[in-house]
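Student: Contents of query07.pdb (PDB, C-alpha atoms) are below:
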MODEL        1
ATOM      1  CA  MET A   1     -15.474   9.199 -13.850
ATOM      2  CA  ALA A   2     -12.308   7.509 -12.550
ATOM      3  CA  GLY A   3     -12.920   4.610 -14.935
ATOM      4  CA  ARG A   4     -13.078   6.967 -17.928
ATOM      5  CA  ALA A   5     -10.067   9.059 -16.856
ATOM      6  CA  THR A   6      -7.644   6.192 -16.215
ATOM      7  CA  PRO A   7      -6.900   5.249 -19.884
ATOM      8  CA  TRP A   8      -6.236   8.932 -20.656
ATOM      9  CA  LEU A   9      -3.935   9.294 -17.674
ATOM     10  CA  ILE A  10      -1.924   6.184 -18.497
ATOM     11  CA  GLY A  11      -1.693   7.283 -22.153
ATOM     12  CA  LEU A  12      -0.516  10.744 -21.121
ATOM     13  CA  THR A  13       2.016   9.200 -18.725
ATOM     14  CA  LEU A  14       3.486   7.009 -21.488
ATOM     15  CA  VAL A  15       3.738   9.877 -23.993
ATOM     16  CA  LEU A  16       5.305  12.262 -21.454
ATOM     17  CA  MET A  17       7.693   9.613 -20.133
ATOM     18  CA  ALA A  18       8.837   8.677 -23.642
ATOM     19  CA  ALA A  19       9.473  12.353 -24.481
ATOM     20  CA  GLY A  20      11.217  12.980 -21.144
ATOM     21  CA  LEU A  21      13.458   9.914 -21.516
ATOM     22  CA  VAL A  22      14.502  10.784 -25.069
ATOM     23  CA  GLY A  23      15.169  14.372 -23.969
ATOM     24  CA  GLY A  24      16.992  13.408 -20.782
ATOM     25  CA  LEU A  25      18.987  10.407 -21.927
ATOM     26  CA  TRP A  26      19.791  11.444 -25.492
ATOM     27  CA  LEU A  27      19.153  15.091 -26.350
ATOM     28  CA  ALA A  28      20.327  16.882 -23.182
ATOM     29  CA  PRO A  29      24.046  17.736 -23.201
ATOM     30  CA  PRO A  30      26.318  16.226 -20.501
ATOM     31  CA  ASP A  31      26.879  18.327 -17.391
ATOM     32  CA  TYR A  32      30.221  20.153 -17.386
ATOM     33  CA  GLN A  33      31.100  18.750 -13.920
ATOM     34  CA  MET A  34      29.104  15.521 -13.546
ATOM     35  CA  GLY A  35      29.262  14.380 -17.178
ATOM     36  CA  ASP A  36      26.571  11.900 -18.196
ATOM     37  CA  GLY A  37      26.147  10.781 -14.565
ATOM     38  CA  PHE A  38      23.849  13.774 -14.061
ATOM     39  CA  ARG A  39      21.187  12.020 -16.206
ATOM     40  CA  ILE A  40      20.016  10.188 -13.058
ATOM     41  CA  ILE A  41      18.426  13.556 -12.215
ATOM     42  CA  TYR A  42      15.560  12.811 -14.631
ATOM     43  CA  ILE A  43      14.367   9.933 -12.481
ATOM     44  CA  HIS A  44      15.669  11.054  -9.070
ATOM     45  CA  VAL A  45      14.191  14.558  -8.861
ATOM     46  CA  PRO A  46      10.632  13.616  -9.999
ATOM     47  CA  SER A  47      10.507  10.659  -7.578
ATOM     48  CA  ALA A  48      11.874  12.775  -4.690
ATOM     49  CA  LEU A  49       9.313  15.489  -5.475
ATOM     50  CA  LEU A  50       6.469  12.965  -5.616
ATOM     51  CA  SER A  51       7.625  11.338  -2.357
ATOM     52  CA  MET A  52       6.874  14.669  -0.636
ATOM     53  CA  VAL A  53       3.766  15.576  -2.665
ATOM     54  CA  VAL A  54       2.139  12.221  -1.825
ATOM     55  CA  PHE A  55       2.802  12.637   1.890
ATOM     56  CA  ALA A  56       1.384  16.180   1.753
ATOM     57  CA  VAL A  57      -1.752  14.761   0.072
ATOM     58  CA  MET A  58      -1.970  12.153   2.848
ATOM     59  CA  ALA A  59      -1.599  14.789   5.583
ATOM     60  CA  VAL A  60      -4.329  17.012   4.075
ATOM     61  CA  ALA A  61      -6.679  14.045   3.512
ATOM     62  CA  SER A  62      -6.019  12.858   7.077
ATOM     63  CA  ALA A  63      -6.858  16.283   8.490
ATOM     64  CA  VAL A  64     -10.074  16.358   6.430
ATOM     65  CA  GLY A  65     -10.930  12.843   7.618
ATOM     66  CA  LEU A  66     -10.331  13.674  11.275
ATOM     67  CA  ILE A  67     -11.980  17.112  11.353
ATOM     68  CA  TRP A  68     -15.036  16.536   9.138
ATOM     69  CA  ARG A  69     -15.218  12.751   9.675
ATOM     70  CA  ILE A  70     -15.280  12.051   5.943
ATOM     71  CA  ARG A  71     -14.542   8.350   5.443
ATOM     72  CA  MET A  72     -13.505   8.884   1.821
ATOM     73  CA  ALA A  73     -10.606  11.059   3.037
ATOM     74  CA  HIS A  74      -9.192   8.131   5.032
ATOM     75  CA  ALA A  75      -9.544   5.960   1.928
ATOM     76  CA  VAL A  76      -7.485   8.534  -0.039
ATOM     77  CA  THR A  77      -4.746   8.425   2.625
ATOM     78  CA  ALA A  78      -4.701   4.619   2.649
ATOM     79  CA  ALA A  79      -4.616   4.457  -1.164
ATOM     80  CA  ALA A  80      -1.797   7.022  -1.451
ATOM     81  CA  ALA A  81       0.571   5.517   1.165
ATOM     82  CA  PRO A  82       1.990   2.577  -0.864
ATOM     83  CA  ILE A  83       2.480   4.879  -3.884
ATOM     84  CA  GLY A  84       4.397   7.395  -1.778
ATOM     85  CA  ALA A  85       6.542   4.624  -0.293
ATOM     86  CA  ALA A  86       7.432   3.453  -3.828
ATOM     87  CA  PHE A  87       8.459   6.974  -4.938
ATOM     88  CA  THR A  88      10.515   7.469  -1.762
ATOM     89  CA  PHE A  89      12.286   4.136  -2.301
ATOM     90  CA  ILE A  90      13.130   5.147  -5.894
ATOM     91  CA  ALA A  91      14.401   8.549  -4.714
ATOM     92  CA  LEU A  92      16.678   6.923  -2.124
ATOM     93  CA  VAL A  93      18.068   4.227  -4.449
ATOM     94  CA  THR A  94      18.657   6.575  -7.396
ATOM     95  CA  GLY A  95      20.158   9.124  -4.999
ATOM     96  CA  ALA A  96      22.586   6.501  -3.689
ATOM     97  CA  LEU A  97      23.529   5.525  -7.277
ATOM     98  CA  TRP A  98      24.130   9.197  -8.036
ATOM     99  CA  GLY A  99      26.073   9.726  -4.811
ATOM    100  CA  LYS A 100      28.671   7.018  -5.427
ATOM    101  CA  PRO A 101      30.361   8.591  -8.491
ATOM    102  CA  MET A 102      29.796  12.178  -7.295
ATOM    103  CA  TRP A 103      30.585  11.941  -3.556
ATOM    104  CA  GLY A 104      32.509   8.667  -3.484
ATOM    105  CA  THR A 105      29.915   6.928  -1.289
ATOM    106  CA  TYR A 106      26.447   5.428  -1.716
ATOM    107  CA  TRP A 107      25.229   6.717   1.617
ATOM    108  CA  VAL A 108      26.099   9.368   4.156
ATOM    109  CA  TRP A 109      24.080  10.433   7.219
ATOM    110  CA  ASP A 110      23.517  13.817   5.675
ATOM    111  CA  ALA A 111      20.441  15.889   6.658
ATOM    112  CA  ARG A 112      18.685  15.564   3.276
ATOM    113  CA  LEU A 113      19.287  11.811   2.945
ATOM    114  CA  THR A 114      18.414  11.059   6.565
ATOM    115  CA  SER A 115      15.171  13.087   6.486
ATOM    116  CA  GLU A 116      14.173  11.338   3.236
ATOM    117  CA  LEU A 117      14.888   7.953   4.867
ATOM    118  CA  ILE A 118      12.687   9.030   7.813
ATOM    119  CA  LEU A 119       9.944   9.758   5.252
ATOM    120  CA  LEU A 120      10.196   6.155   4.001
ATOM    121  CA  PHE A 121       9.877   4.926   7.610
ATOM    122  CA  LEU A 122       6.843   7.194   8.067
ATOM    123  CA  TYR A 123       5.180   5.538   5.057
ATOM    124  CA  PHE A 124       6.003   2.067   6.436
ATOM    125  CA  GLY A 125       4.829   3.179   9.892
ATOM    126  CA  TYR A 126       1.522   4.422   8.477
ATOM    127  CA  LEU A 127       0.938   1.177   6.563
ATOM    128  CA  ALA A 128       1.733  -0.925   9.643
ATOM    129  CA  LEU A 129      -0.354   1.249  11.973
ATOM    130  CA  VAL A 130      -3.613   1.293   9.985
ATOM    131  CA  HIS A 131      -3.563  -2.501   9.794
ATOM    132  CA  ALA A 132      -2.604  -2.985  13.439
ATOM    133  CA  PHE A 133      -6.151  -2.531  14.799
ATOM    134  CA  PRO A 134      -9.047  -4.949  14.397
ATOM    135  CA  ASP A 135     -11.357  -1.943  13.987
ATOM    136  CA  ARG A 136     -10.725  -0.092  10.712
ATOM    137  CA  ARG A 137     -11.900   3.299  12.087
ATOM    138  CA  THR A 138      -9.386   3.209  14.951
ATOM    139  CA  GLY A 139      -6.649   2.286  12.477
ATOM    140  CA  ASP A 140      -7.679   5.137  10.181
ATOM    141  CA  GLN A 141      -7.614   7.647  13.035
ATOM    142  CA  ALA A 142      -4.234   6.469  14.343
ATOM    143  CA  GLY A 143      -2.812   6.556  10.796
ATOM    144  CA  ALA A 144      -4.254  10.019  10.214
ATOM    145  CA  ILE A 145      -2.539  11.369  13.334
ATOM    146  CA  LEU A 146       0.753   9.828  12.189
ATOM    147  CA  ALA A 147       0.347  11.383   8.704
ATOM    148  CA  ILE A 148      -0.396  14.856  10.153
ATOM    149  CA  VAL A 149       2.458  14.743  12.686
ATOM    150  CA  GLY A 150       4.798  13.161  10.138
ATOM    151  CA  ALA A 151       4.210  16.040   7.716
ATOM    152  CA  VAL A 152       6.665  18.039   9.832
ATOM    153  CA  ASP A 153       9.356  16.034   7.996
ATOM    154  CA  LEU A 154       8.427  17.677   4.657
ATOM    155  CA  PRO A 155       9.811  21.186   5.370
ATOM    156  CA  ILE A 156      12.812  19.527   7.040
ATOM    157  CA  ILE A 157      13.535  17.585   3.810
ATOM    158  CA  HIS A 158      13.035  20.680   1.654
ATOM    159  CA  PHE A 159      15.070  23.151   3.738
ATOM    160  CA  SER A 160      17.690  20.686   5.030
ATOM    161  CA  VAL A 161      20.180  21.794   2.374
ATOM    162  CA  GLN A 162      19.843  25.398   3.591
ATOM    163  CA  TRP A 163      19.658  24.777   7.338
ATOM    164  CA  TRP A 164      22.626  22.432   7.599
ATOM    165  CA  THR A 165      25.903  21.871   5.796
ATOM    166  CA  THR A 166      25.139  18.910   3.567
ATOM    167  CA  LEU A 167      26.789  16.918   0.815
ATOM    168  CA  HIS A 168      23.538  17.070  -1.126
ATOM    169  CA  GLN A 169      23.349  19.880  -3.648
ATOM    170  CA  GLY A 170      20.818  22.699  -3.293
ATOM    171  CA  ALA A 171      17.395  22.823  -4.934
ATOM    172  CA  THR A 172      17.481  21.873  -8.641
ATOM    173  CA  LEU A 173      14.479  24.062  -9.431
ATOM    174  CA  LYS A 174      13.848  27.462  -7.889
ATOM    175  CA  LEU A 175      10.916  29.836  -8.281
ATOM    176  CA  SER A 176      13.392  32.694  -8.680
ATOM    177  CA  GLY A 177      14.827  31.005 -11.772
ATOM    178  CA  THR A 178      17.023  27.982 -12.273
ATOM    179  CA  PRO A 179      20.631  27.980 -13.479
ATOM    180  CA  MET A 180      19.903  24.944 -15.714
ATOM    181  CA  PRO A 181      19.964  25.542 -19.476
ATOM    182  CA  VAL A 182      16.660  24.932 -21.301
ATOM    183  CA  SER A 183      18.072  21.850 -23.096
ATOM    184  CA  MET A 184      18.554  20.166 -19.695
ATOM    185  CA  LEU A 185      15.495  21.655 -18.019
ATOM    186  CA  TRP A 186      12.635  20.693 -20.345
ATOM    187  CA  PRO A 187      13.129  16.904 -20.036
ATOM    188  CA  LEU A 188      13.102  17.311 -16.246
ATOM    189  CA  LEU A 189       9.820  19.236 -16.317
ATOM    190  CA  VAL A 190       8.311  16.679 -18.715
ATOM    191  CA  MET A 191       9.423  13.776 -16.473
ATOM    192  CA  MET A 192       7.924  15.542 -13.449
ATOM    193  CA  LEU A 193       4.616  15.849 -15.295
ATOM    194  CA  ALA A 194       4.827  12.178 -16.316
ATOM    195  CA  PHE A 195       5.353  11.134 -12.684
ATOM    196  CA  LEU A 196       2.425  13.332 -11.594
ATOM    197  CA  CYS A 197       0.149  11.711 -14.200
ATOM    198  CA  TYR A 198       1.309   8.241 -13.140
ATOM    199  CA  PHE A 199       0.624   9.115  -9.500
ATOM    200  CA  ALA A 200      -2.879  10.328 -10.443
ATOM    201  CA  TRP A 201      -3.512   7.057 -12.323
ATOM    202  CA  LEU A 202      -2.173   4.901  -9.489
ATOM    203  CA  LEU A 203      -4.217   6.858  -6.940
ATOM    204  CA  MET A 204      -7.432   6.432  -8.944
ATOM    205  CA  VAL A 205      -6.929   2.673  -9.345
ATOM    206  CA  ARG A 206      -5.933   2.176  -5.696
ATOM    207  CA  LEU A 207      -8.743   4.427  -4.447
ATOM    208  CA  ARG A 208     -11.376   2.466  -6.375
ATOM    209  CA  ALA A 209     -10.039  -0.771  -4.861
ATOM    210  CA  GLU A 210      -9.873   0.771  -1.380
ATOM    211  CA  ILE A 211     -13.475   2.012  -1.549
ATOM    212  CA  LEU A 212     -14.682  -1.378  -2.803
ATOM    213  CA  ARG A 213     -12.866  -3.111   0.069
ATOM    214  CA  ARG A 214     -14.352  -0.717   2.646
ATOM    215  CA  GLU A 215     -17.876  -0.609   1.219
ATOM    216  CA  TYR A 216     -17.930  -4.287   0.262
ATOM    217  CA  ARG A 217     -21.326  -4.852   1.889
ATOM    218  CA  ALA A 218     -22.970  -1.634   0.651
ATOM    219  CA  ARG A 219     -25.750  -1.974  -1.926
ATOM    220  CA  TRP A 220     -24.427   0.810  -4.149
ATOM    221  CA  VAL A 221     -21.152  -0.977  -4.965
ATOM    222  CA  GLU A 222     -23.166  -3.583  -6.896
ATOM    223  CA  LYS A 223     -23.748  -0.971  -9.611
ATOM    224  CA  ILE A 224     -20.003  -0.568 -10.280
TER     225      ILE A 224
ATOM    226  CA  MET B 225      24.706  11.996 -27.643
ATOM    227  CA  ASP B 226      26.353  11.402 -30.986
ATOM    228  CA  SER B 227      26.370   7.593 -31.122
ATOM    229  CA  TRP B 228      24.777   4.480 -29.620
ATOM    230  CA  HIS B 229      28.126   3.607 -28.034
ATOM    231  CA  GLU B 230      28.114   6.935 -26.166
ATOM    232  CA  PHE B 231      24.521   6.303 -25.157
ATOM    233  CA  TRP B 232      25.158   2.852 -23.668
ATOM    234  CA  THR B 233      28.428   3.770 -21.921
ATOM    235  CA  MET B 234      27.031   7.062 -20.541
ATOM    236  CA  GLY B 235      30.491   8.617 -20.487
ATOM    237  CA  GLY B 236      31.741   5.935 -18.045
ATOM    238  CA  TYR B 237      28.731   6.275 -15.710
ATOM    239  CA  ALA B 238      26.720   3.391 -17.227
ATOM    240  CA  ARG B 239      27.009   1.210 -14.086
ATOM    241  CA  PHE B 240      25.264   3.942 -12.095
ATOM    242  CA  VAL B 241      22.826   5.428 -14.646
ATOM    243  CA  TRP B 242      21.298   2.198 -16.004
ATOM    244  CA  PRO B 243      20.737   0.473 -12.637
ATOM    245  CA  ALA B 244      19.073   3.704 -11.403
ATOM    246  CA  TYR B 245      16.651   3.674 -14.352
ATOM    247  CA  GLY B 246      16.218  -0.105 -14.041
ATOM    248  CA  VAL B 247      15.271   0.013 -10.349
ATOM    249  CA  ALA B 248      12.941   2.964 -10.959
ATOM    250  CA  PHE B 249      11.076   1.248 -13.783
ATOM    251  CA  VAL B 250      10.805  -2.090 -11.963
ATOM    252  CA  VAL B 251       9.314  -0.306  -8.918
ATOM    253  CA  LEU B 252       6.998   1.870 -11.049
ATOM    254  CA  LEU B 253       5.753  -1.082 -13.108
ATOM    255  CA  GLY B 254       5.422  -3.203  -9.967
ATOM    256  CA  SER B 255       3.318  -0.477  -8.330
ATOM    257  CA  GLY B 256       1.043  -0.330 -11.366
ATOM    258  CA  TRP B 257       0.700  -4.102 -11.486
ATOM    259  CA  ALA B 258      -0.045  -4.328  -7.737
ATOM    260  CA  ALA B 259      -2.646  -1.535  -7.969
ATOM    261  CA  HIS B 260      -4.359  -3.204 -10.922
ATOM    262  CA  ARG B 261      -4.343  -6.614  -9.226
ATOM    263  CA  GLY B 262      -5.822  -5.068  -6.062
ATOM    264  CA  LEU B 263      -8.677  -3.511  -8.059
ATOM    265  CA  ARG B 264      -9.399  -6.787  -9.875
ATOM    266  CA  ARG B 265      -9.509  -8.665  -6.564
ATOM    267  CA  ALA B 266     -11.825  -6.072  -4.987
ATOM    268  CA  LEU B 267     -14.156  -6.195  -8.019
ATOM    269  CA  ALA B 268     -14.150 -10.010  -7.961
ATOM    270  CA  ARG B 269     -15.017  -9.995  -4.250
ATOM    271  CA  VAL B 270     -17.981  -7.682  -4.841
ATOM    272  CA  ALA B 271     -19.089  -9.761  -7.845
ATOM    273  CA  SER B 272     -18.953 -12.941  -5.779
ATOM    274  CA  ARG B 273     -21.051 -11.322  -3.005
ATOM    275  CA  VAL B 274     -23.618 -10.132  -5.562
ATOM    276  CA  ARG B 275     -23.813 -13.628  -7.113
ATOM    277  CA  GLY B 276     -24.143 -15.167  -3.615
ATOM    278  CA  GLY B 277     -26.923 -12.720  -2.716
ATOM    279  CA  ARG B 278     -28.939 -13.576  -5.821
ATOM    280  CA  ARG B 279     -28.881 -17.330  -5.171
TER     281      ARG B 279
ENDMDL
END
For the file at hand, write its structure as structure tokens.
Tutor:
Amino acid sequence: MAGRATPWLIGLTLVLMAAGLVGGLWLAPPDYQMGDGFRIIYIHVPSALLSMVVFAVMAVASAVGLIWRIRMAHAVTAAAAPIGAAFTFIALVTGALWGKPMWGTYWVWDARLTSELILLFLYFGYLALVHAFPDRRTGDQAGAILAIVGAVDLPIIHFSVQWWTTLHQGATLKLSGTPMPVSMLWPLLVMMLAFLCYFAWLLMVRLRAEILRREYRARWVEKI
Amino acid sequence: MDSWHEFWTMGGYARFVWPAYGVAFVVLLGSGWAAHRGLRRALARVASRVRGGRR
């Protein structure tokens, strides 16, 4: 199934990303305060969102793997970690490039930025930990515990702008309605969908490779 | 945007906007390439085991 879905997912990603980029970089009007600098939002917000979504996926898969001892769940966690690290890195770099013209500095030890940096370290920590043991199962279990405990960083990232006084602006999208005009909002939603599709594609490709690596000696993999 | 000049200069924010998009796309494409290479290697490893088993 994954083999049949991947071309569709990559096609959908390309179409959505093209539409989102045209909308965000060309059609959307400049922000009245931030000018055209605000256009970084179309790459920063989706990557920041995905950085948290991927870690949430890892935490849930880890819990499933630990509680019900499903090996596939640990494979999902291992496959998702490098993808999440990439999205977090993009969120941090694009955030810094947005911060310089808006705040006058690339980096500040602000609650939102610091908790997002901790998330990147959690991804690196997970990747280092699972490979630190000669026995894969022990590595999986240690990594799963780190992913579950590390998930406490997700609400901290999300609510940091409410709990503490931060330089970072509040949530761009709210369930109660967003102050963004539709002309600025739709490219953001399209880019978020594009990033989600790309994540799904990356996860499928990485998961197939991860399963093949783990089940290398199994008879059934010969049929793939 | 009304012109290509406006598009490329990004209202004076070009040196922040374009590097942000550049870094993002390099990392995204790199992730895709690494994932694809990993799958090819895993498939090749299985194929080599199957060939070895048949000999």
Student: Find the residues near stretch 134-137 of chain A: any atom within 10 Å, counting all atoms listed in the file, skip ones fewer than 5 places away on the same chain, and give them as number ranges by chain.
Tutor: A: 71, 74, 142-143, 214
Student: Considering only C-alpha atoms, state which residue in the set B:Gly254, B:Met225, B:Trp242, B:Thr233 is at the smallest distance from chain A.
Tutor: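 Among the listed residues, B:Met225 lies closest to chain A.
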Student: Dump as a PyMOL selection string the residues of chain A that approach chain B to within 6 Å, counting only C-alpha atoms.
Tutor: chain A and resi 26+36-37+40+90+94+97+206+209+212-213
Student: Quick one: distance from atom CA of B:Arg275 to atom CA of A:Glu210 in Å, one decimal?
Tutor: 20.8 Å
Student: Can you list, as a PyMOL selection string, every protein, DNA or RNA residue that comes within 10 Å of A:Ala200 when you count all atoms listed in the file, leaving out same-chain residues fewer than 6 positions away?
Tutor: chain A and resi 5-6+9-10+13+80+194+206
Student: Rounded to one decimal, what separation in Å do you get between atom CA of B:His229 and atom CA of A:Pro187?
Tutor: 21.6 Å
Student: What do you get, as a PyMOL selection string, if you spell out every residue that the PyMOL selection byres ((chain A and resi 20) around 8) selects here?
Tutor: chain A and resi 16-19+21-24+42+186-188+190-191
Student: What separation in Å, quoted to one decimal, exists between atom CA of A:Arg69 and atom CA of A:Thr138?
Tutor: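 Distance reported for this atom pair: 12.4 Å.
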Student: Can you translate the PyMOL selection byres ((chain A and resi 196) around 12) into the concrete residues it hits in this file, as a tab-separated table (two decimals) with C-alpha atoms, in the coordinates of the input?
Tutor:
chain	number	residue	atom	x	y	z
A	9	LEU	CA	-3.94	9.29	-17.67
A	10	ILE	CA	-1.92	6.18	-18.50
A	12	LEU	CA	-0.52	10.74	-21.12
A	13	THR	CA	2.02	9.20	-18.73
A	14	LEU	CA	3.49	7.01	-21.49
A	16	LEU	CA	5.30	12.26	-21.45
A	17	MET	CA	7.69	9.61	-20.13
A	46	PRO	CA	10.63	13.62	-10.00
A	47	SER	CA	10.51	10.66	-7.58
A	48	ALA	CA	11.87	12.78	-4.69
A	49	LEU	CA	9.31	15.49	-5.48
A	50	LEU	CA	6.47	12.96	-5.62
A	51	SER	CA	7.62	11.34	-2.36
A	52	MET	CA	6.87	14.67	-0.64
A	53	VAL	CA	3.77	15.58	-2.66
A	54	VAL	CA	2.14	12.22	-1.82
A	83	ILE	CA	2.48	4.88	-3.88
A	84	GLY	CA	4.40	7.40	-1.78
A	87	PHE	CA	8.46	6.97	-4.94
A	189	LEU	CA	9.82	19.24	-16.32
A	190	VAL	CA	8.31	16.68	-18.72
A	191	MET	CA	9.42	13.78	-16.47
A	192	MET	CA	7.92	15.54	-13.45
A	193	LEU	CA	4.62	15.85	-15.30
A	194	ALA	CA	4.83	12.18	-16.32
A	195	PHE	CA	5.35	11.13	-12.68
A	197	CYS	CA	0.15	11.71	-14.20
A	198	TYR	CA	1.31	8.24	-13.14
A	199	PHE	CA	0.62	9.12	-9.50
A	200	ALA	CA	-2.88	10.33	-10.44
A	201	TRP	CA	-3.51	7.06	-12.32
A	202	LEU	CA	-2.17	4.90	-9.49
A	203	LEU	CA	-4.22	6.86	-6.94
Student: If the PyMOL selection byres ((chain A and resi 57) around 10) is run on the structure shown, which residues does it catch, given as a list of chain:residue names?
Tutor: A:Met52, A:Val53, A:Val54, A:Phe55, A:Ala56, A:Met58, A:Ala59, A:Val60, A:Ala61, A:Ser62, A:Ala63, A:Val76, A:Thr77, A:Ala80, A:Ala81, A:Gly84, A:Ala147, A:Ala151
Student: Which one is closest to A:Ile41: A:Ser115, A:Thr172, A:Thr105, A:Ser183? Count all atoms listed in the file.
Tutor: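 With all atoms listed in the file as the atom set, the closest residue is A:Thr172.
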Student: Restricting the calculation to all atoms listed in the file: of A:Ala128, A:Ala218, A:Met72, A:Met34, which residue gets closest to A:Gly99?
Tutor: A:Met34
Student: Could you please fill out stretch 33-46 of chain A with N, CA, C and O atoms and send it back as a short mmCIF file (atom, residue, chain, number, x, y, z; two decimals), in the coordinates of the input?
Tutor:
data_model
loop_
_atom_site.label_atom_id
_atom_site.label_comp_id
_atom_site.auth_asym_id
_atom_site.auth_seq_id
_atom_site.Cartn_x
_atom_site.Cartn_y
_atom_site.Cartn_z
N GLN A 33 30.38 19.32 -15.06
CA GLN A 33 31.10 18.75 -13.92
C GLN A 33 30.80 17.26 -13.75
O GLN A 33 31.70 16.47 -13.51
N MET A 34 29.52 16.90 -13.85
CA MET A 34 29.10 15.52 -13.55
C MET A 34 29.04 14.63 -14.78
O MET A 34 28.71 13.45 -14.67
N GLY A 35 29.31 15.17 -15.95
CA GLY A 35 29.26 14.38 -17.18
C GLY A 35 27.88 13.80 -17.42
O GLY A 35 26.85 14.43 -17.10
N ASP A 36 27.86 12.54 -17.93
CA ASP A 36 26.57 11.90 -18.20
C ASP A 36 25.93 11.32 -16.93
O ASP A 36 24.77 10.91 -16.96
N GLY A 37 26.69 11.28 -15.83
CA GLY A 37 26.15 10.78 -14.56
C GLY A 37 24.97 11.62 -14.09
O GLY A 37 24.09 11.13 -13.37
N PHE A 38 24.93 12.87 -14.52
CA PHE A 38 23.85 13.77 -14.06
C PHE A 38 22.48 13.31 -14.56
O PHE A 38 21.45 13.73 -14.03
N ARG A 39 22.48 12.42 -15.60
CA ARG A 39 21.19 12.02 -16.21
C ARG A 39 20.29 11.27 -15.23
O ARG A 39 19.09 11.10 -15.49
N ILE A 40 20.84 10.82 -14.11
CA ILE A 40 20.02 10.19 -13.06
C ILE A 40 19.00 11.20 -12.52
O ILE A 40 17.94 10.83 -12.02
N ILE A 41 19.31 12.48 -12.69
CA ILE A 41 18.43 13.56 -12.22
C ILE A 41 17.00 13.40 -12.75
O ILE A 41 16.03 13.72 -12.07
N TYR A 42 16.87 12.87 -13.98
CA TYR A 42 15.56 12.81 -14.63
C TYR A 42 14.64 11.77 -14.01
O TYR A 42 13.45 11.73 -14.32
N ILE A 43 15.20 10.91 -13.18
CA ILE A 43 14.37 9.93 -12.48
C ILE A 43 14.38 10.24 -10.98
O ILE A 43 13.41 10.02 -10.27
N HIS A 44 15.51 10.79 -10.50
CA HIS A 44 15.67 11.05 -9.07
C HIS A 44 14.82 12.24 -8.60
O HIS A 44 14.09 12.13 -7.61
N VAL A 45 14.92 13.35 -9.30
CA VAL A 45 14.19 14.56 -8.86
C VAL A 45 12.66 14.36 -8.91
O VAL A 45 11.99 14.67 -7.93
N PRO A 46 12.09 13.82 -10.02
CA PRO A 46 10.63 13.62 -10.00
C PRO A 46 10.18 12.67 -8.89
O PRO A 46 9.16 12.92 -8.24
#
